[in-house]
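Student: See my_file-v3.txt below, with compact mmCIF, C-alpha atoms.
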```txt
# COMPACT_ATOMS: atom_id res chain seq x y z
CA MET C 1 110.95 117.01 97.51
CA ASP C 2 114.52 116.58 96.33
CA VAL C 3 116.72 115.72 99.30
CA ARG C 4 119.96 115.06 97.44
CA PHE C 5 122.96 117.19 98.24
CA GLY C 6 125.80 118.78 96.36
CA PRO C 7 129.47 118.92 97.38
CA GLU C 8 129.01 122.25 99.14
CA GLU C 9 126.26 120.82 101.36
CA GLN C 10 128.03 117.67 102.48
CA ILE C 11 128.32 116.92 106.20
CA VAL C 12 131.24 115.23 107.90
CA TRP C 13 129.99 111.77 108.87
CA PRO C 14 132.09 111.51 112.05
CA ALA C 15 130.09 114.45 113.37
CA SER C 16 126.85 112.53 112.91
CA VAL C 17 128.36 109.48 114.65
CA LEU C 18 129.30 111.69 117.58
CA THR C 19 125.78 113.11 117.51
CA GLY C 20 124.41 109.58 117.82
CA ILE C 21 126.62 108.86 120.83
CA LEU C 22 125.68 112.13 122.53
CA MET C 23 122.01 111.46 121.75
CA CYS C 24 122.24 108.13 123.56
CA ALA C 25 123.89 109.73 126.59
CA ALA C 26 121.31 112.54 126.71
CA VAL C 27 118.27 110.27 126.37
CA TYR C 28 119.79 107.86 128.92
CA ASP C 29 119.95 110.69 131.47
CA ILE C 30 116.49 112.00 130.56
CA THR C 31 115.00 108.51 130.93
CA ARG C 32 116.60 108.17 134.36
CA GLU C 33 115.37 111.57 135.57
CA VAL C 34 111.83 111.23 134.22
CA SER C 35 111.46 107.64 135.43
CA SER C 36 112.70 108.42 138.94
CA ARG C 37 110.14 111.22 139.24
CA CYS C 38 107.14 109.72 137.42
CA TYR C 39 107.37 106.01 138.22
CA LYS C 40 107.59 105.06 141.88
CA GLY C 41 108.83 101.57 141.14
CA TYR C 42 111.96 102.85 139.40
CA ASN C 43 113.81 103.72 142.60
CA GLY C 44 113.16 100.22 143.91
CA LEU C 45 114.89 98.54 140.97
CA ASN C 46 118.37 97.12 141.37
CA GLU C 47 121.23 98.85 139.57
CA LEU C 48 121.31 96.42 136.65
CA HIS C 49 117.59 96.82 136.01
CA LYS C 50 117.95 100.61 136.18
CA LEU C 51 120.79 100.42 133.67
CA GLU C 52 118.72 98.36 131.22
CA TRP C 53 115.66 100.56 131.84
CA ASN C 54 117.61 103.65 130.79
CA ASN C 55 119.32 101.79 127.95
CA ARG C 56 115.95 100.87 126.49
CA GLY C 57 115.00 104.53 126.68
CA PHE C 58 117.57 105.61 124.11
CA SER C 59 116.97 102.39 122.17
CA THR C 60 113.33 103.40 121.74
CA PHE C 61 114.23 106.97 120.81
CA HIS C 62 116.69 105.87 118.11
CA ALA C 63 114.18 103.36 116.73
CA LEU C 64 111.51 106.03 116.32
CA VAL C 65 113.88 108.49 114.66
CA ALA C 66 115.36 105.85 112.34
CA ALA C 67 111.95 104.52 111.29
CA VAL C 68 110.50 107.99 110.61
CA VAL C 69 113.52 109.24 108.64
CA SER C 70 113.74 106.02 106.63
CA PHE C 71 110.03 106.08 105.83
CA TYR C 72 110.28 109.70 104.72
CA LEU C 73 113.22 109.07 102.40
CA LEU C 74 111.79 105.87 100.92
CA VAL C 75 108.11 106.73 100.64
CA ILE C 76 107.48 110.48 100.91
CA SER C 77 110.51 112.02 99.20
CA ASP C 78 111.26 111.42 95.53
CA LEU C 79 114.85 110.34 96.19
CA PHE C 80 114.28 106.79 94.98
CA SER C 81 111.37 107.45 92.63
CA LYS C 82 111.70 105.99 89.16
CA ASP C 83 112.52 108.34 86.27
CA VAL C 84 112.88 111.34 88.61
CA HIS C 85 116.67 111.50 88.95
CA GLY C 86 119.40 110.54 86.55
CA ALA C 87 121.42 108.30 88.87
CA ILE C 88 120.60 104.63 89.22
CA ILE C 89 118.81 103.72 92.46
CA ILE C 90 121.81 101.91 93.95
CA ASP C 91 123.84 105.15 93.75
CA ARG C 92 121.25 107.56 95.14
CA LYS C 93 121.84 109.15 98.54
CA SER C 94 121.17 112.34 100.45
CA TRP C 95 122.57 114.40 103.28
CA MET C 96 119.70 113.06 105.37
CA SER C 97 120.54 109.40 104.76
CA ASP C 98 124.22 110.12 105.52
CA ALA C 99 123.23 111.83 108.76
CA MET C 100 120.85 109.04 109.76
CA PHE C 101 123.48 106.39 109.10
CA GLY C 102 126.01 108.29 111.21
CA VAL C 103 123.56 108.66 114.08
CA SER C 104 122.66 104.97 113.85
CA LEU C 105 126.34 104.03 113.94
CA GLY C 106 126.71 106.10 117.09
CA TYR C 107 123.71 104.35 118.62
CA PHE C 108 124.81 100.81 117.71
CA LEU C 109 128.35 101.53 118.93
CA THR C 110 127.10 102.85 122.27
CA ASP C 111 124.67 99.98 122.77
CA LEU C 112 127.27 97.40 121.72
CA LEU C 113 129.80 98.73 124.21
CA MET C 114 127.21 98.61 127.01
CA ILE C 115 126.26 95.04 126.06
CA LEU C 116 129.90 93.96 126.06
CA TRP C 117 130.65 95.73 129.35
CA HIS C 118 127.73 94.04 131.11
CA PHE C 119 127.65 90.85 129.05
CA PRO C 120 125.41 88.90 129.01
CA SER C 121 123.00 90.90 131.20
CA LEU C 122 121.90 93.33 128.46
CA GLY C 123 121.84 90.77 125.65
CA GLY C 124 123.40 87.56 124.44
CA LYS C 125 125.47 86.57 121.43
CA GLU C 126 122.59 87.21 119.03
CA TYR C 127 122.65 90.90 119.97
CA LEU C 128 126.39 91.07 119.35
CA LEU C 129 125.86 89.51 115.92
CA HIS C 130 122.93 91.81 115.11
CA HIS C 131 124.78 94.98 116.12
CA GLY C 132 128.00 93.87 114.45
CA LEU C 133 126.30 93.16 111.12
CA SER C 134 124.31 96.41 111.36
CA MET C 135 127.41 98.52 111.98
CA TYR C 136 129.31 96.75 109.19
CA ALA C 137 126.55 97.26 106.60
CA ILE C 138 125.86 100.88 107.58
CA SER C 139 129.58 101.72 107.51
CA LEU C 140 129.98 100.29 104.00
CA ALA C 141 127.00 102.26 102.70
CA LEU C 142 128.07 105.45 104.46
CA LEU C 143 131.68 105.37 103.25
CA SER C 144 130.95 104.18 99.70
CA GLY C 145 127.72 106.06 99.06
CA LYS C 146 126.24 102.84 97.61
CA GLY C 147 123.08 100.96 98.55
CA HIS C 148 121.49 103.61 100.75
CA VAL C 149 118.05 102.45 99.62
CA TYR C 150 118.64 99.00 101.14
CA ILE C 151 120.05 100.26 104.43
CA LEU C 152 117.01 102.50 104.80
CA MET C 153 114.70 99.53 104.20
CA VAL C 154 116.45 97.66 107.00
CA LEU C 155 116.35 100.67 109.35
CA ILE C 156 112.56 100.79 108.99
CA THR C 157 112.50 97.48 110.86
CA GLU C 158 113.55 99.42 113.96
CA ALA C 159 109.88 100.44 114.19
CA THR C 160 109.26 97.22 116.14
CA THR C 161 111.78 98.09 118.87
CA PRO C 162 109.42 100.31 120.96
CA PHE C 163 106.99 97.36 121.27
CA VAL C 164 109.83 95.06 122.36
CA ASN C 165 110.94 97.58 124.97
CA LEU C 166 107.41 98.24 126.23
CA ARG C 167 106.98 94.50 126.71
CA TRP C 168 110.11 94.45 128.87
CA TYR C 169 108.98 97.48 130.89
CA LEU C 170 105.55 95.97 131.56
CA ASP C 171 107.07 92.63 132.51
CA LEU C 172 109.46 94.26 134.97
CA ALA C 173 106.63 96.35 136.42
CA GLY C 174 104.56 93.23 137.06
CA ARG C 175 101.96 94.08 134.42
CA LYS C 176 102.04 90.84 132.43
CA ASP C 177 98.37 90.21 133.22
CA SER C 178 97.24 93.64 132.02
CA LYS C 179 95.34 94.33 128.80
CA LEU C 180 98.11 96.72 127.75
CA TYR C 181 100.61 93.86 127.82
CA LEU C 182 98.31 91.75 125.66
CA TYR C 183 97.59 94.57 123.18
CA ASN C 184 101.26 95.39 122.97
CA GLY C 185 101.99 91.72 122.24
CA VAL C 186 99.50 91.73 119.38
CA ALA C 187 100.99 94.98 118.04
CA LEU C 188 104.49 93.49 118.30
CA PHE C 189 103.37 90.40 116.38
CA ALA C 190 101.72 92.45 113.62
CA GLY C 191 104.57 94.95 113.44
CA TRP C 192 107.23 92.25 113.32
CA LEU C 193 105.33 90.36 110.62
CA VAL C 194 105.10 93.47 108.44
CA ALA C 195 108.43 95.19 109.17
CA ARG C 196 110.78 92.25 109.68
CA VAL C 197 109.26 89.45 107.62
CA ILE C 198 107.16 90.82 104.76
CA LEU C 199 109.43 93.84 104.27
CA PHE C 200 112.41 91.54 103.86
CA VAL C 201 110.51 89.62 101.17
CA TYR C 202 110.07 92.96 99.39
CA PHE C 203 113.76 93.72 100.04
CA PHE C 204 114.92 90.53 98.30
CA ALA C 205 112.45 91.04 95.45
CA HIS C 206 113.79 94.58 94.96
CA VAL C 207 117.37 93.30 94.86
CA TYR C 208 116.37 90.68 92.29
CA LEU C 209 114.55 93.19 90.07
CA HIS C 210 117.49 95.63 90.26
CA PHE C 211 120.24 93.03 90.16
CA ASP C 212 121.84 94.69 87.13
CA GLN C 213 122.43 97.75 89.34
CA VAL C 214 123.46 95.73 92.38
CA ARG C 215 126.19 94.05 90.32
CA THR C 216 127.80 97.45 89.70
CA VAL C 217 128.69 97.80 93.39
CA PHE C 218 132.33 97.22 94.34
CA PRO C 219 133.12 93.54 95.16
CA LEU C 220 133.12 93.80 98.96
CA GLY C 221 129.84 95.71 98.88
CA PHE C 222 128.25 93.25 96.44
CA TYR C 223 129.17 90.13 98.40
CA SER C 224 128.17 91.81 101.66
CA MET C 225 124.78 92.59 100.14
CA MET C 226 124.42 88.93 99.23
CA ALA C 227 125.36 87.73 102.73
CA VAL C 228 124.31 90.23 105.41
CA PRO C 229 120.56 90.65 104.61
CA PRO C 230 119.91 86.87 104.57
CA ALA C 231 121.66 86.58 107.95
CA MET C 232 119.57 89.43 109.37
CA SER C 233 116.41 87.89 107.93
CA ALA C 234 117.22 84.53 109.52
CA MET C 235 117.60 86.17 112.93
CA ASN C 236 114.31 88.02 112.44
CA LEU C 237 112.54 84.74 111.67
CA LEU C 238 114.00 83.08 114.76
CA TRP C 239 112.88 85.99 116.93
CA PHE C 240 109.47 85.96 115.22
CA ARG C 241 109.07 82.32 116.20
CA LYS C 242 109.64 83.28 119.85
CA ILE C 243 107.16 86.17 119.53
CA CYS C 244 104.51 83.83 118.12
CA LYS C 245 104.99 81.41 121.02
CA GLY C 246 104.82 84.27 123.52
CA MET C 247 101.63 85.68 121.99
CA VAL C 248 99.91 82.29 121.96
CA LYS C 249 100.87 81.80 125.61
CA ALA C 250 99.64 85.30 126.58
CA MET C 251 96.33 84.90 124.76
CA SER C 252 95.79 81.44 126.29
CA SER C 253 96.44 82.89 129.73
CA ALA C 254 94.00 85.74 129.05
CA ASN C 255 91.32 83.27 127.91
CA ARG C 256 91.78 81.16 131.04
CA SER C 257 91.46 84.25 133.22
CA GLN C 258 88.27 85.23 131.41
CA CYS C 259 86.81 81.75 131.90
CA VAL C 260 87.59 81.89 135.63
CA LYS C 261 85.80 85.24 135.94
CA THR C 262 82.82 83.91 134.01
CA ASP C 263 82.58 80.83 136.24
```
Any chance you could put this one into C-alpha cells?
Tutor:
Amino acid sequence: MDVRFGPEEQIVWPASVLTGILMCAAVYDITREVSSRCYKGYNGLNELHKLEWNNRGFSTFHALVAAVVSFYLLVISDLFSKDVHGAIIIDRKSWMSDAMFGVSLGYFLTDLLMILWHFPSLGGKEYLLHHGLSMYAISLALLSGKGHVYILMVLITEATTPFVNLRWYLDLAGRKDSKLYLYNGVALFAGWLVARVILFVYFFAHVYLHFDQVRTVFPLGFYSMMAVPPAMSAMNLLWFRKICKGMVKAMSSANRSQCVKTD
C-alpha cells in the first residue's frame, strides 16, 4: 500500500501536535474514571500516586499507538521498500508519519511539562534528557521531511513502555510476589533486548549501509543523526542493566519462595 501523500493531501502538523495533547488529557481522565470504578485500591492512593497512575495511562496508550503505526509504515507498507519508489529512503515520508510525529510531540511535551511541574516525583534527569532528545529529533524530521525511517525505528521502541508501566502498577498494588509480576518482568527483559538493544544495532547498521544518503541531509540534521541515536542507545543500555538486575532478583526471590513451599 502506498501511503505517501501529495501537496493537496498534506496535514498541518500543529494540528497533530494539538491532537497529541488532547489525547493525553482524554486518556488521563479515562484512566482516572475507569480506575476509580474498577480498582478499589485506587481511591486509597495519595494524590501523587493517583497523578502518576493516570499519567502512565496515557503513556501506555501513546506507546501502543506509536509502536503499531511505526511497525505498519516500516514493515507492512511499501513506503521504505527498495526499488518501489523513486525517492531515496532518507527522503521518504507520508501523511501518516507526519501525523504520528505530531501526536508524539504532543505526548512528549505534555509528559515533559508534568515531569517538570512535579520534579522529581514523576522522573529524574534521565527522563528530561530522554524526552528532550526525542522532541528535538522528531521536530527536525517533521519540519525537514528527512529521516522519517529512522524516527519510526526509534518510535517502535515505545513498545516496551506498557511492560514498564505494568511493573509500576503491580508494585504499587502490592503484587510484586505474583506470577504476573514475574512474567511481566521476563516480557520486559525480552522486549527491551529486542526493541531497544538489537533494534538499535540494526539502526546503526542501516545508517552505515545508507551513509551515502544520510550525508545528503542538511548539516544540523546530519550531525544530530550522528549524536542523538548513540545517546539514546547509551541510555537504553543503562536501563537494560537495571532491568537485568531486577529480573535476576525477582527470579531468585521466586525460587526461594518455591523452595520454602517444597520444604
Student: Ranking C:Ile76, C:Leu199, C:Leu180, C:Ala63 by minimum distance to Asn236 in chain C and counting all atoms listed in the file, which one comes first?
Tutor: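 Going through C:Ile76, C:Leu199, C:Leu180, C:Ala63 one by one, the smallest distance to Asn236 in chain C is for C:Leu199.
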Student: Quick one: pull the distance between CA of Ala195 in chain C and CA of Pro14 in chain C, Å, one decimal.
Tutor: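 Atom-to-atom, CA of Ala195 in chain C to CA of Pro14 in chain C, that is 28.9 Å.
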Student: So which residues touch Asn184 in chain C within 12 Å, counting only C-alpha atoms, skipping near sequence neighbours fewer than 4 positions away, as a ChimeraX atom specification?
Tutor: /C:160-171,175-180,188-192,243,246-247,250-251
Student: Report the distance between CA of Arg32 in chain C and CA of Leu172 in chain C in Å, rounded to one decimal place.
Tutor: 15.6 Å
Student: Mind giving me the straight-line distance from CA of Arg196 in chain C to CA of Tyr136 in chain C in Å, one decimal?
Tutor: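 About the pair CA of Arg196 in chain C and CA of Tyr136 in chain C: they are 19.1 Å apart.
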Student: With all atoms listed in the file as the atoms that count, which of C:Ser104, C:Ser70, C:Ser144, C:Ser252 lies nearest to Thr157 in chain C?
Tutor: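 Selected residue with least distance to Thr157 in chain C: C:Ser70.
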Student: Please identify all polymer residues within 12 Å of Ser224 in chain C, counting only C-alpha atoms, omitting same-chain residues fewer than 6 positions from it, and present them as a PyMOL selection string.
Tutor: chain C and resi 133-134+136-141+146-147+150+214-215+217-218+230-232
Student: Which neighbours of Leu109 in chain C fall inside 8 Å, counting only C-alpha atoms, when residues of the same chain fewer than 6 positions from it are skipped, and could you give them as a compact mmCIF listing (two decimals) with C-alpha atoms, in the frame of the given file?
Tutor:
```
# COMPACT_ATOMS: atom_id res chain seq x y z
CA ILE C 21 126.62 108.86 120.83
CA HIS C 131 124.78 94.98 116.12
CA MET C 135 127.41 98.52 111.98
```
